[in-house]
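Trainee: Okay, handing you the structure first.
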Amino acid sequence: MVQKTILVLFMLLLSSTLLIAQTGSIDGKATDKKTNEALIGVMVTIDGTTMGAAADLDGHFVIPNVKPGKYKVRASYISYDPIIFEDVVVAAGKTTTLPVVMSENTVALKEVTITGVKKTNTDVSMINTTRMSPLVSIGVSGQQILRSQDRDASEVIKRLPGTTIIDDRFIVVRGLSQRYNAVWLNNTATPSSEADVKAFSFDVIPASMIENMMIIKSPAPELPADFSGGFVKITTVNLPEKNSFFVSYGTGVGQGTTFEESNKYQPSSTDWLGFDNGYRDLPKEMPAHLNSYENATNPEIKKRITEMGRALNKTWSPVDGKAIPDQRFSLGFNKRFKSGSQTFGNVTSVTYSNVSNYDRINNNTYSIYNFREDKSSYLDEFYDDQYTNTVKAGILHNWAWYPANGQKIEFRNLLNQIGSNRYSEREGREWYNNGRYIRSNENKYMNRSIYSGQLAGEHSLNGDNTSKIDWVAGYALSNKNEPDIKRTRYIRDEADTTQYFMLFGDNADLSSQSQMWLNLNENLITASVNFTKEFNFSGFNPEIKAGVYFENKQREFHSRNFGWATASNQSDFDITTLPTEDIFVDNNINLTDGVRLTEVTSPSDSYNASNKQISGYLSAKLPITSYISLYTGLRLEKNTQTLDSYRQGTTIPVNVVRDTINLFPSANIAFNLGEKNLLRAAYGLSVNRPEFRELAPFYFVDFDLNAGIYGNPSIKQSYIHNIDLRFEHYPSPNETFNIGLFYKHFSNPIEMTIMGNSPTQYSFENVTSAYSYGIETDVRKSLGFISGAENFH
């Protein structure tokens, strides 16, 4: 196999070499003869052919794949005298460089006003944006996304170096988990789609609707300080280049999934639309808390416990079936029109997908290392079979209005509905619990509704873009509903190893026979204003920037937790060996010799939380010399984080208030090592604040971890010192190579820890310190030197 691989690589290298040798190229830089400044957009063409190129933002141009010979090359530009190069020799496998130095045409013209929109979705524009940015950053353009066939933002972001995404919503940048990363959509913060951790559902944004995506990796005054790994900025399309209408349908098969067995939680009639229609809701007759019946002295009232148990949805076993091929559908239109001197644009799209997936998971947790046997010691040794069906429906509706030169108003909207039906089946051993054998399962349905809307504007105050104001007002809503999560657990009989029985006790256990209803609502209001001013002091052109930011995030979380226990000491334990559907029948649900429903919801299982921030910054971009540029500034953040709940298992209130004022300095310096090379160094202070779930005294049993997780109201925020050093090389307008080092020092980082000696109970704590360092590189190489491969990178 190795020999074949080497042979294939050798043949590819040989063929590439032969192709390279067949053609040459012409490149150069267009400049103004008087000022020596780069001329953007100069057209360089070869007479008698259709070959040519336009100069980029730095004046560079490249005409690839030119056959060997002599040519007449013409350079032209509005208001400049054209240049003709006679007898330009192009040799195979070589590059001919032309110095395009142009003189301004002095013929007077009447005033001409040109209004245009800068393209931000092309490969060249993205590379130039990265190069000209004062920050350490990297991005992907809409042009590259369209070529990649990626379906949504979760697949797009995987293309960025140093970035990993888990379950389509948990982003890892530079090895740092989602808690150290931030996501903004169209220059506004996004609501979290999860109750436990900071997360953004990247899978809700169709790839075709992305203008560009960038990850900023060094702190900056204009960015919120609560990121240390990466600050992800996603921009959706708003002004189309032309009018169009599109419809697409796609299908696909997954190895090991499609046409194979696919168990699922009994669906409601609207699951295919991404939401539950009430099929899994609690009965309307259910009291605010079941203990109002349990504590009653009247026998007739206590009987209602049995009635409530029998009224619950008793579909415990999954629905058997075969997974159909994945279905994906989208339609939309792009509209661009003018009214006088004003330009309008509208982008609208509707997307739908229905996808199935099967995973066979080796789910193990470990204790201390066994040096005698030279292997890890198991806590849990499980094999999980997970069947997941995910439905996504979304609408994107964006408007753009360009009333005059230098003015822009945008209105962007994104609405997504996601439904996920997952059935998990587990078999294995709990070694921490005397190595007992278990069989357990979980029926879980979850639907999420996410809306994000922004009204934004950009305004040039004097017509020449030296003074600008931009602003954004945003609103976002996130709802997550998990109705009737069902769990069961069977344990193998010690005497009869072929027999398993369902585990019941005198009290309910959420890790065994249980049913839970969880609901989260989050509202987010944001607003920001930025002012930018460029100065010109006899060749010294600094830029000053200042702005303010406001954020108000409100969250409500509620859960109802029920379990099943023995009715009394006269309970018939013979029923525990029956299949689940046969155990939870009406005859076995009683208060005498069967099983009974009990509620274990406590006041700590709900909380209300908020995060309010008012911040401002001042920054300066200083061209110290023609080769050195410094971007530095200071950010002030007043952040108030509150949470109201109750101490675990009691009615004692817990009121968390974290009111802080912090200054966050940052500095980014760039050394221009020639036309094609840059060296960057950066430092910045950032913060990591506790998540609402980490502060809440809420106890939740995580099926995947086979453990319970407690919040900790006493944890505090962590501070991080960030240092970056990166070298960047730009051999051509659409090629790049960079390599960088980073180091981060954490003070009081927040970590998940084991509680006491229990291997199945976790909470959150501040540890003293930590550090992270690494190296990352990114290479983008055009294959334009190969005939017929001009569009490959």
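Each chain of the structure tokens is named A, B, ... in the order shown, its residues numbered from 1; ligands are numbered from 1 in display order.
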As a list in words, list the residues of stretch 586-714 of chain A assigned to helix (DSSP H, G or I) by DSSP on the backbone atoms of this structure.

Mentor: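 For stretch 586-714 of chain A, the helix (DSSP H, G or I) set is Asp586, Asn587, Asn588, Pro603, Ser604, Asp605, Phe692, Arg693, Glu694 and Leu695 of chain A.
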
Trainee: Write out as a list in words each polymer residue whose atoms come within 7 Å of A:Ala53, counting only C-alpha atoms; drop sequence neighbours fewer than 2 positions from it.

Mentor: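 The filter keeps Met43, Val44, Thr45, Ala55, Phe61, Val62 and Ile63 of chain A.
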
Trainee: What separation in Å, quoted to one decimal, exists between atom CA of A:Lys242 and atom CA of A:Ala404?

Mentor: 19.5 Å

Trainee: Would you mind listing what lies within 9 Å of A:Ile418 as a list in words, with only C-alpha atoms counted and same-chain residues fewer than 6 positions away left out?

Mentor: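 In the requested form, the answer reads Val204, Leu273, Gly274, Phe275, Thr390, Val391, Lys392, Ala393, Gly394, Met446, Asn447, Arg448, Ser449 and Ile450 of chain A.
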
Trainee: Residues of the last selection are to be written out with C-alpha atoms, as a short mmCIF file (atom, residue, chain, number, x, y, z; two decimals), in the first residue's frame.

Mentor:
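Wrote it out as out32.cif, contents follow:
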```
data_model
loop_
_atom_site.label_atom_id
_atom_site.label_comp_id
_atom_site.auth_asym_id
_atom_site.auth_seq_id
_atom_site.Cartn_x
_atom_site.Cartn_y
_atom_site.Cartn_z
CA VAL A 204 -28.70 26.88 11.27
CA LEU A 273 -41.42 20.32 10.64
CA GLY A 274 -38.93 20.52 13.51
CA PHE A 275 -41.23 20.89 16.52
CA THR A 390 -32.59 15.90 12.66
CA VAL A 391 -34.97 18.25 10.89
CA LYS A 392 -34.02 21.87 10.09
CA ALA A 393 -36.20 24.54 8.54
CA GLY A 394 -34.98 28.09 8.07
CA MET A 446 -35.45 18.43 21.42
CA ASN A 447 -36.65 21.37 19.37
CA ARG A 448 -34.93 24.75 19.14
CA SER A 449 -36.23 28.03 17.75
CA ILE A 450 -33.66 30.72 16.99
#
```

Trainee: So, counting only C-alpha atoms, which residue among A:Ile750, A:Val657, A:Leu415, A:Leu223 is closest to A:Ile720?

Mentor: A:Ile750

Trainee: In terms of the shortest atom-to-atom distance over only C-alpha atoms, which of A:Thr95, A:Ser269, A:Asn238, A:Asn128 is closest to A:Leu455?

Mentor: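 When distances to A:Leu455 are compared using only C-alpha atoms, the smallest one comes from A:Asn238.
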
Trainee: Which of these, A:Val173, A:Ala199, A:Val347, A:Leu379, has the shortest distance to A:Glu430 once you count only C-alpha atoms?

Mentor: A:Leu379
